[in-house]
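Okay, my_file12.cif now, which holds mmCIF, C-alpha atoms and all ligand atoms:
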data_model
#
loop_
_atom_site.label_atom_id
_atom_site.label_comp_id
_atom_site.auth_asym_id
_atom_site.auth_seq_id
_atom_site.Cartn_x
_atom_site.Cartn_y
_atom_site.Cartn_z
CA MET A 1 0.00 0.00 0.00
CA LYS A 2 1.32 3.43 -0.91
CA LYS A 3 1.52 5.70 2.14
CA ASN A 4 1.67 9.42 2.85
CA ILE A 5 4.87 9.85 4.81
CA LEU A 6 5.81 13.08 6.58
CA ILE A 7 9.49 13.36 7.51
CA VAL A 8 10.29 16.30 9.76
CA GLY A 9 13.99 17.19 9.56
CA ALA A 10 14.76 15.71 6.16
CA SER A 11 16.73 18.42 4.40
CA SER A 12 19.93 16.44 5.09
CA GLY A 13 21.29 13.38 6.86
CA ILE A 14 19.16 10.48 8.04
CA GLY A 15 15.85 12.16 7.28
CA LEU A 16 16.95 12.84 3.70
CA GLU A 17 18.16 9.24 3.22
CA LEU A 18 14.84 7.95 4.55
CA ALA A 19 13.01 10.32 2.18
CA ARG A 20 15.05 9.03 -0.80
CA HIS A 21 14.15 5.48 0.18
CA TYR A 22 10.43 6.11 0.54
CA VAL A 23 10.21 8.20 -2.65
CA GLY A 24 12.00 5.32 -4.42
CA GLU A 25 9.32 2.93 -3.17
CA GLY A 26 6.63 5.17 -4.66
CA HIS A 27 5.20 6.63 -1.47
CA ARG A 28 3.99 10.23 -1.28
CA VAL A 29 6.58 12.00 0.83
CA CYS A 30 6.70 15.46 2.41
CA ILE A 31 9.97 16.65 3.94
CA THR A 32 10.68 19.62 6.18
CA GLY A 33 13.62 21.69 7.33
CA ARG A 34 14.89 25.22 6.91
CA ASN A 35 16.72 24.44 3.66
CA ASP A 36 15.13 22.80 0.62
CA PRO A 37 17.29 19.88 -0.58
CA SER A 38 15.25 19.78 -3.83
CA LEU A 39 14.64 16.06 -3.61
CA PRO A 40 12.89 14.92 -6.81
CA GLY A 41 9.54 13.32 -6.07
CA ALA A 42 9.18 14.82 -2.57
CA GLN A 43 7.17 17.82 -1.47
CA PHE A 44 9.17 20.32 0.62
CA PHE A 45 7.60 22.37 3.41
CA ARG A 46 9.78 24.99 5.10
CA LEU A 47 9.43 24.54 8.85
CA PRO A 48 11.99 26.60 10.77
CA ILE A 49 11.90 25.84 14.50
CA THR A 50 13.07 28.67 16.72
CA THR A 51 12.50 29.88 20.29
CA SER A 52 8.92 30.84 19.45
CA THR A 53 6.37 28.17 20.33
CA ASP A 54 3.63 30.36 18.79
CA ASN A 55 5.43 30.41 15.44
CA LEU A 56 6.02 26.67 15.74
CA ALA A 57 2.31 26.03 16.25
CA LYS A 58 1.47 28.20 13.21
CA GLY A 59 4.10 26.44 11.12
CA ILE A 60 2.82 23.02 12.11
CA ASP A 61 -0.77 24.05 11.38
CA GLY A 62 0.38 25.12 7.91
CA LEU A 63 2.23 21.85 7.40
CA VAL A 64 -0.76 19.75 8.45
CA ALA A 65 -2.97 21.74 6.03
CA ALA A 66 -0.46 21.39 3.18
CA PHE A 67 0.14 17.62 3.49
CA LYS A 68 -2.99 15.68 4.35
CA ASN A 69 -3.86 12.10 5.25
CA VAL A 70 -0.53 11.31 6.89
CA HIS A 71 -0.09 7.58 7.58
CA THR A 72 3.44 7.84 8.99
CA LEU A 73 5.28 10.58 10.87
CA VAL A 74 9.06 10.28 10.89
CA TYR A 75 10.60 12.71 13.36
CA ALA A 76 14.27 13.24 12.50
CA ALA A 77 14.88 16.91 13.36
CA GLY A 78 17.69 17.55 15.79
CA PHE A 79 20.90 19.50 16.17
CA LEU A 80 24.09 19.30 18.15
CA GLN A 81 24.23 21.61 21.13
CA ARG A 82 27.20 21.47 23.42
CA GLY A 83 27.89 23.36 26.63
CA SER A 84 27.27 22.91 30.33
CA ILE A 85 23.83 24.01 31.51
CA ASP A 86 25.10 27.32 32.94
CA VAL A 87 26.54 28.48 29.61
CA LEU A 88 23.53 27.66 27.45
CA PRO A 89 21.38 30.81 27.11
CA ASP A 90 17.62 30.60 27.50
CA ALA A 91 17.17 30.98 23.74
CA ALA A 92 19.33 27.89 23.15
CA LEU A 93 17.33 25.89 25.71
CA LEU A 94 14.02 27.00 24.20
CA THR A 95 15.10 26.12 20.67
CA MET A 96 16.29 22.70 21.79
CA ALA A 97 13.04 22.04 23.66
CA ASN A 98 10.98 23.12 20.63
CA VAL A 99 12.99 21.03 18.14
CA GLY A 100 13.42 18.02 20.39
CA LEU A 101 10.08 17.73 22.14
CA ILE A 102 7.43 20.41 21.53
CA ALA A 103 7.35 19.97 17.74
CA PRO A 104 6.88 16.17 17.83
CA MET A 105 4.23 16.53 20.55
CA MET A 106 2.32 19.19 18.55
CA LEU A 107 2.54 17.04 15.43
CA ALA A 108 1.30 13.91 17.19
CA ALA A 109 -1.58 15.89 18.71
CA ARG A 110 -2.71 17.27 15.35
CA LEU A 111 -2.04 14.23 13.16
CA LYS A 112 -3.60 11.55 15.38
CA PRO A 113 -7.25 12.60 14.82
CA LEU A 114 -6.69 13.25 11.09
CA ALA A 115 -4.83 10.06 10.19
CA PRO A 116 -6.62 7.73 7.73
CA THR A 117 -5.27 4.75 9.68
CA PRO A 118 -3.80 4.75 13.22
CA LEU A 119 -0.77 7.02 12.93
CA LYS A 120 2.57 5.23 12.67
CA LEU A 121 5.47 6.97 14.42
CA MET A 122 9.19 6.65 13.74
CA LEU A 123 11.14 8.75 16.23
CA ILE A 124 14.89 9.31 15.92
CA THR A 125 16.49 9.87 19.30
CA SER A 126 20.18 9.38 20.13
CA SER A 127 22.65 7.51 22.31
CA SER A 128 22.59 10.81 24.25
CA GLY A 129 19.05 9.84 25.28
CA TYR A 130 20.39 6.96 27.39
CA THR A 131 23.98 8.16 28.05
CA PRO A 132 24.07 11.12 30.44
CA ARG A 133 26.37 13.79 28.95
CA PRO A 134 27.05 16.93 31.02
CA GLN A 135 28.10 18.85 27.91
CA GLU A 136 24.80 18.03 26.14
CA PRO A 137 22.24 18.42 28.94
CA ALA A 138 19.32 19.86 26.98
CA TYR A 139 19.93 17.67 23.91
CA ALA A 140 20.18 14.53 26.06
CA ALA A 141 17.04 15.49 28.00
CA THR A 142 14.96 16.06 24.85
CA LYS A 143 16.15 12.79 23.30
CA ALA A 144 15.26 10.84 26.47
CA GLY A 145 11.92 12.67 26.50
CA LEU A 146 11.23 11.86 22.85
CA ALA A 147 11.76 8.15 23.58
CA MET A 148 9.29 8.35 26.47
CA LEU A 149 6.84 10.22 24.24
CA GLY A 150 6.90 7.26 21.84
CA ALA A 151 6.56 4.72 24.64
CA SER A 152 3.58 6.66 25.99
CA LEU A 153 1.82 7.19 22.66
CA VAL A 154 2.00 3.50 21.77
CA ARG A 155 -0.25 2.94 24.77
CA ASP A 156 -2.81 5.29 23.16
CA LEU A 157 -4.95 3.16 20.87
CA GLY A 158 -5.18 6.02 18.37
CA PHE A 159 -1.62 5.28 17.29
CA GLY A 160 -0.33 2.44 15.17
CA LYS A 161 3.20 1.09 15.22
CA VAL A 162 5.77 3.12 17.16
CA LEU A 163 9.48 2.77 16.47
CA VAL A 164 12.00 4.60 18.64
CA VAL A 165 15.54 4.47 17.27
CA ALA A 166 18.59 5.66 19.21
CA PRO A 167 21.62 5.88 16.90
CA SER A 168 25.22 6.49 17.91
CA GLY A 169 27.39 8.92 15.91
CA ILE A 170 26.49 9.15 12.21
CA ARG A 171 28.56 10.86 9.49
CA THR A 172 26.15 13.71 8.64
CA ALA A 173 25.85 17.49 8.57
CA PHE A 174 24.99 17.26 12.28
CA TRP A 175 28.74 17.62 12.95
CA ARG A 176 29.40 20.37 10.40
CA GLU A 177 30.38 23.07 12.88
CA THR A 178 32.76 20.89 14.87
CA ASP A 179 36.19 19.40 14.31
CA GLU A 180 34.88 15.98 15.43
CA ASP A 181 36.47 13.04 13.58
CA THR A 182 33.49 11.49 11.82
CA SER A 183 35.49 8.88 9.90
CA THR A 184 34.56 6.03 12.25
CA MET A 185 30.93 7.09 12.59
CA LEU A 186 27.97 5.24 11.09
CA ASP A 187 27.26 5.58 7.39
CA PRO A 188 24.00 7.52 6.94
CA ILE A 189 22.74 5.33 4.07
CA TRP A 190 23.39 2.14 6.08
CA THR A 191 21.77 3.73 9.14
CA ALA A 192 18.67 4.69 7.16
CA GLU A 193 18.47 1.13 5.78
CA GLN A 194 18.52 -0.23 9.34
CA ILE A 195 15.75 2.16 10.36
CA VAL A 196 13.60 1.06 7.40
CA ALA A 197 14.23 -2.60 8.28
CA LEU A 198 13.39 -1.99 11.95
CA SER A 199 10.14 -0.27 10.99
CA SER A 200 8.98 -3.11 8.75
CA GLY A 201 6.96 -6.21 9.61
CA PRO A 202 4.45 -6.81 12.34
CA PHE A 203 5.06 -5.22 15.75
CA LYS A 204 3.40 -2.60 17.91
CA TYR A 205 6.39 -0.99 19.63
CA LYS A 206 10.10 -1.28 19.15
CA TYR A 207 12.96 0.52 20.84
CA ALA A 208 16.32 -0.08 19.18
CA LYS A 209 19.86 1.20 19.48
CA ILE A 210 22.07 1.55 16.42
CA LEU A 211 25.63 1.19 17.64
CA ARG A 212 29.03 1.65 16.05
CA ASN A 213 32.47 0.05 16.10
CA PRO A 214 31.26 -2.41 14.97
CA ALA A 215 28.11 -1.09 13.31
CA ARG A 216 25.18 -3.10 14.64
CA VAL A 217 21.53 -2.96 15.65
CA GLU A 218 20.29 -3.94 19.10
CA VAL A 219 16.54 -4.24 19.65
CA VAL A 220 16.12 -3.35 23.32
CA GLU A 221 12.35 -3.78 23.59
CA LYS A 222 9.63 -5.11 21.30
CA LEU A 223 5.92 -5.45 21.94
CA ASP A 224 3.70 -7.31 19.53
CA ASN A 225 0.30 -5.90 20.34
CA ALA A 226 -1.42 -2.94 21.90
CA PHE A 227 -2.65 -4.94 24.87
CA ALA A 228 0.90 -5.98 25.70
CA ALA A 229 1.79 -2.28 25.58
CA ILE A 230 -0.84 -1.18 28.08
CA ASP A 231 0.24 -1.54 31.70
N1 LIG B 301 24.62 12.53 13.33
C1 LIG B 301 24.73 11.93 14.50
O1 LIG B 301 25.84 11.59 14.94
C2 LIG B 301 23.50 11.59 15.28
C3 LIG B 301 23.62 10.65 16.32
C4 LIG B 301 22.49 10.32 17.06
C5 LIG B 301 21.28 10.90 16.77
N2 LIG B 301 21.20 11.82 15.77
C6 LIG B 301 19.88 12.39 15.52
O2 LIG B 301 19.48 11.98 14.23
C7 LIG B 301 18.57 12.95 13.71
C8 LIG B 301 19.01 13.30 12.30
O3 LIG B 301 20.25 13.99 12.38
P1 LIG B 301 21.32 13.91 11.22
O4 LIG B 301 22.50 13.22 11.76
O5 LIG B 301 20.68 13.42 10.00
O6 LIG B 301 21.73 15.46 11.10
P2 LIG B 301 21.42 16.56 10.03
O7 LIG B 301 21.90 16.13 8.67
O8 LIG B 301 21.99 17.81 10.59
O9 LIG B 301 19.82 16.63 9.96
C9 LIG B 301 19.07 17.29 10.94
C10 LIG B 301 17.74 17.73 10.36
O10 LIG B 301 17.04 18.47 11.39
C11 LIG B 301 16.64 19.73 10.84
N3 LIG B 301 16.73 20.77 11.85
C12 LIG B 301 17.71 20.97 12.75
N4 LIG B 301 17.49 22.07 13.47
C13 LIG B 301 16.32 22.59 12.99
C14 LIG B 301 15.58 23.76 13.31
N5 LIG B 301 15.96 24.62 14.26
N6 LIG B 301 14.44 24.00 12.63
C15 LIG B 301 14.03 23.14 11.67
N7 LIG B 301 14.70 22.02 11.31
C16 LIG B 301 15.84 21.76 11.97
C17 LIG B 301 17.64 19.99 9.73
O11 LIG B 301 17.07 20.86 8.78
P3 LIG B 301 17.64 22.31 8.38
O12 LIG B 301 19.09 22.36 8.73
O13 LIG B 301 17.32 22.45 6.92
O14 LIG B 301 16.83 23.22 9.21
C18 LIG B 301 17.87 18.62 9.16
O15 LIG B 301 16.87 18.33 8.21
C19 LIG B 301 18.58 14.13 14.66
O16 LIG B 301 17.45 14.05 15.48
C20 LIG B 301 19.83 13.90 15.48
O17 LIG B 301 19.68 14.45 16.78
C21 LIG B 301 22.26 12.17 15.01
#

In structure tokens, write the structure found in this file.
Amino acid sequence: MKKNILIVGASSGIGLELARHYVGEGHRVCITGRNDPSLPGAQFFRLPITTSTDNLAKGIDGLVAAFKNVHTLVYAAGFLQRGSIDVLPDAALLTMANVGLIAPMMLAARLKPLAPTPLKLMLITSSSGYTPRPQEPAYAATKAGLAMLGASLVRDLGFGKVLVVAPSGIRTAFWRETDEDTSTMLDPIWTAEQIVALSSGPFKYKYAKILRNPARVEVVEKLDNAFAAID
């Protein structure tokens, strides 16, 4: 069945590789970001996420109006933010909270009642979501929160399959403003292939880590039906 797939944060990196894959399979795909990657076959919607939650809500309302009948939401937006908590200005904290948590919550809230079938979620978190890092406090907190958002929504019968993926370092534009050695990081095409494979087949909830050196996938938790998911 051809699906309508919305990928938030797909102007580069993992989101873009996932978009290429789904366009190649003939699905209708809408991608967002601040910069249009001009991906043939995909619709682009400019969704800048800043400190303003009001602007975010307006942007998301526009997105939901522009791309209807979403079967699957892939949430891939994220950015590197380093610094101990006392050096991160309020604006940095607000932007991180909006990108990492408020946007996916607003999207889930709006898309759930409109979805033609129970909304499938694919949420990209990070090893920072389960590895406390004092130099990435807000990033780590939003990634841990995003994983818990997925685990909570799967217990809401209005949602379909929920996949939460926590990758380790991937060779993408994420690192562009650093001098980090990305040579031993995960290949983004391989990582996207693993995410597609993890999202396929019958399951209700899956939480998986994608690890490096060596590159491998570890499924941490899998539930096969909604009743198993409800405590
Ligand atoms: N690369 C890694 O090592 C790594 C490791 C673990 C987890 N992750 C996570 O994997 C996901 C994908 O990252 P990636 O590695 O593919 O990096 P990427 O190439 O930098 O992609 C990040 C995406 O998020 C969007 N984005 C970032 N900040 C935004 C903002 N303020 N407003 C709107 N869109 C914004 C970017 O779009 P624009 O720039 O066009 O706005 C881009 O499409 C992220 O959630 C990241 O946290 C990455």

Contacts of stretch 137-144 of chain A at 9 Å or less, counting all atoms listed in the file, minus same-chain residues fewer than 2 places along, as a ChimeraX atom specification? /A:78-85,88,92-93,96-97,99-101,124-135,146-149,166

Which residues sit within 8 Å of ligand LIG 301 (chain B), counting only C-alpha atoms and all ligand atoms, listed as a PDB file with C-alpha atoms, keeping the file's coordinate frame?
ATOM      1  CA  VAL A   8      10.290  16.300   9.760  1.00  0.00           C
ATOM      2  CA  GLY A   9      13.990  17.190   9.560  1.00  0.00           C
ATOM      3  CA  ALA A  10      14.760  15.710   6.160  1.00  0.00           C
ATOM      4  CA  SER A  11      16.730  18.420   4.400  1.00  0.00           C
ATOM      5  CA  SER A  12      19.930  16.440   5.090  1.00  0.00           C
ATOM      6  CA  GLY A  13      21.290  13.380   6.860  1.00  0.00           C
ATOM      7  CA  ILE A  14      19.160  10.480   8.040  1.00  0.00           C
ATOM      8  CA  GLY A  15      15.850  12.160   7.280  1.00  0.00           C
ATOM      9  CA  LEU A  16      16.950  12.840   3.700  1.00  0.00           C
ATOM     10  CA  THR A  32      10.680  19.620   6.180  1.00  0.00           C
ATOM     11  CA  GLY A  33      13.620  21.690   7.330  1.00  0.00           C
ATOM     12  CA  ARG A  34      14.890  25.220   6.910  1.00  0.00           C
ATOM     13  CA  ASN A  35      16.720  24.440   3.660  1.00  0.00           C
ATOM     14  CA  ASP A  36      15.130  22.800   0.620  1.00  0.00           C
ATOM     15  CA  PRO A  37      17.290  19.880  -0.580  1.00  0.00           C
ATOM     16  CA  LEU A  47       9.430  24.540   8.850  1.00  0.00           C
ATOM     17  CA  PRO A  48      11.990  26.600  10.770  1.00  0.00           C
ATOM     18  CA  ILE A  49      11.900  25.840  14.500  1.00  0.00           C
ATOM     19  CA  THR A  50      13.070  28.670  16.720  1.00  0.00           C
ATOM     20  CA  TYR A  75      10.600  12.710  13.360  1.00  0.00           C
ATOM     21  CA  ALA A  76      14.270  13.240  12.500  1.00  0.00           C
ATOM     22  CA  ALA A  77      14.880  16.910  13.360  1.00  0.00           C
ATOM     23  CA  GLY A  78      17.690  17.550  15.790  1.00  0.00           C
ATOM     24  CA  PHE A  79      20.900  19.500  16.170  1.00  0.00           C
ATOM     25  CA  LEU A  80      24.090  19.300  18.150  1.00  0.00           C
ATOM     26  CA  THR A  95      15.100  26.120  20.670  1.00  0.00           C
ATOM     27  CA  MET A  96      16.290  22.700  21.790  1.00  0.00           C
ATOM     28  CA  VAL A  99      12.990  21.030  18.140  1.00  0.00           C
ATOM     29  CA  GLY A 100      13.420  18.020  20.390  1.00  0.00           C
ATOM     30  CA  ILE A 124      14.890   9.310  15.920  1.00  0.00           C
ATOM     31  CA  THR A 125      16.490   9.870  19.300  1.00  0.00           C
ATOM     32  CA  SER A 126      20.180   9.380  20.130  1.00  0.00           C
ATOM     33  CA  SER A 127      22.650   7.510  22.310  1.00  0.00           C
ATOM     34  CA  SER A 128      22.590  10.810  24.250  1.00  0.00           C
ATOM     35  CA  TYR A 139      19.930  17.670  23.910  1.00  0.00           C
ATOM     36  CA  LYS A 143      16.150  12.790  23.300  1.00  0.00           C
ATOM     37  CA  ALA A 166      18.590   5.660  19.210  1.00  0.00           C
ATOM     38  CA  PRO A 167      21.620   5.880  16.900  1.00  0.00           C
ATOM     39  CA  SER A 168      25.220   6.490  17.910  1.00  0.00           C
ATOM     40  CA  GLY A 169      27.390   8.920  15.910  1.00  0.00           C
ATOM     41  CA  ILE A 170      26.490   9.150  12.210  1.00  0.00           C
ATOM     42  CA  ARG A 171      28.560  10.860   9.490  1.00  0.00           C
ATOM     43  CA  THR A 172      26.150  13.710   8.640  1.00  0.00           C
ATOM     44  CA  ALA A 173      25.850  17.490   8.570  1.00  0.00           C
ATOM     45  CA  PHE A 174      24.990  17.260  12.280  1.00  0.00           C
ATOM     46  CA  TRP A 175      28.740  17.620  12.950  1.00  0.00           C
ATOM     47  CA  ARG A 176      29.400  20.370  10.400  1.00  0.00           C
ATOM     48  CA  MET A 185      30.930   7.090  12.590  1.00  0.00           C
ATOM     49  CA  LEU A 186      27.970   5.240  11.090  1.00  0.00           C
ATOM     50  CA  PRO A 188      24.000   7.520   6.940  1.00  0.00           C
TER      51      PRO A 188
END

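In this structure, atom CA of A:Asn225 sits 28.6 Å away from atom CA of A:Cys30.
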
Separation of atom CA of A:Arg28 from atom CA of A:Ala115, in Å and rounded to one decimal: 14.5 Å

If you count all atoms listed in the file, which residues fall within 9 Å of A:Tyr207, apart from same-chain ones fewer than 5 positions away, as number ranges by chain? A: 147, 151, 162-166, 218-222

Looking at A:Leu63, A:Lys68, A:Asp179, A:Val74, which one is nearest to A:Phe44, with distances taken over only C-alpha atoms?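 For A:Phe44, the nearest of the given residues is A:Leu63.
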
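Of the residues under consideration (A:Gln43, A:Ser52, A:Thr117, A:Ser183), A:Gln43 shows the shortest atom-to-atom contact distance to A:Arg20 when counting all atoms listed in the file.
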
Could you please determine the separation between atom CA of A:Val29 and atom CA of A:Leu223 in Å, to one decimal place? 27.4 Å

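If you measure from each of A:Leu73, A:Met122, A:Ala65, A:Ala42 to A:Ile195 using all atoms listed in the file, the closest one turns out to be A:Met122.
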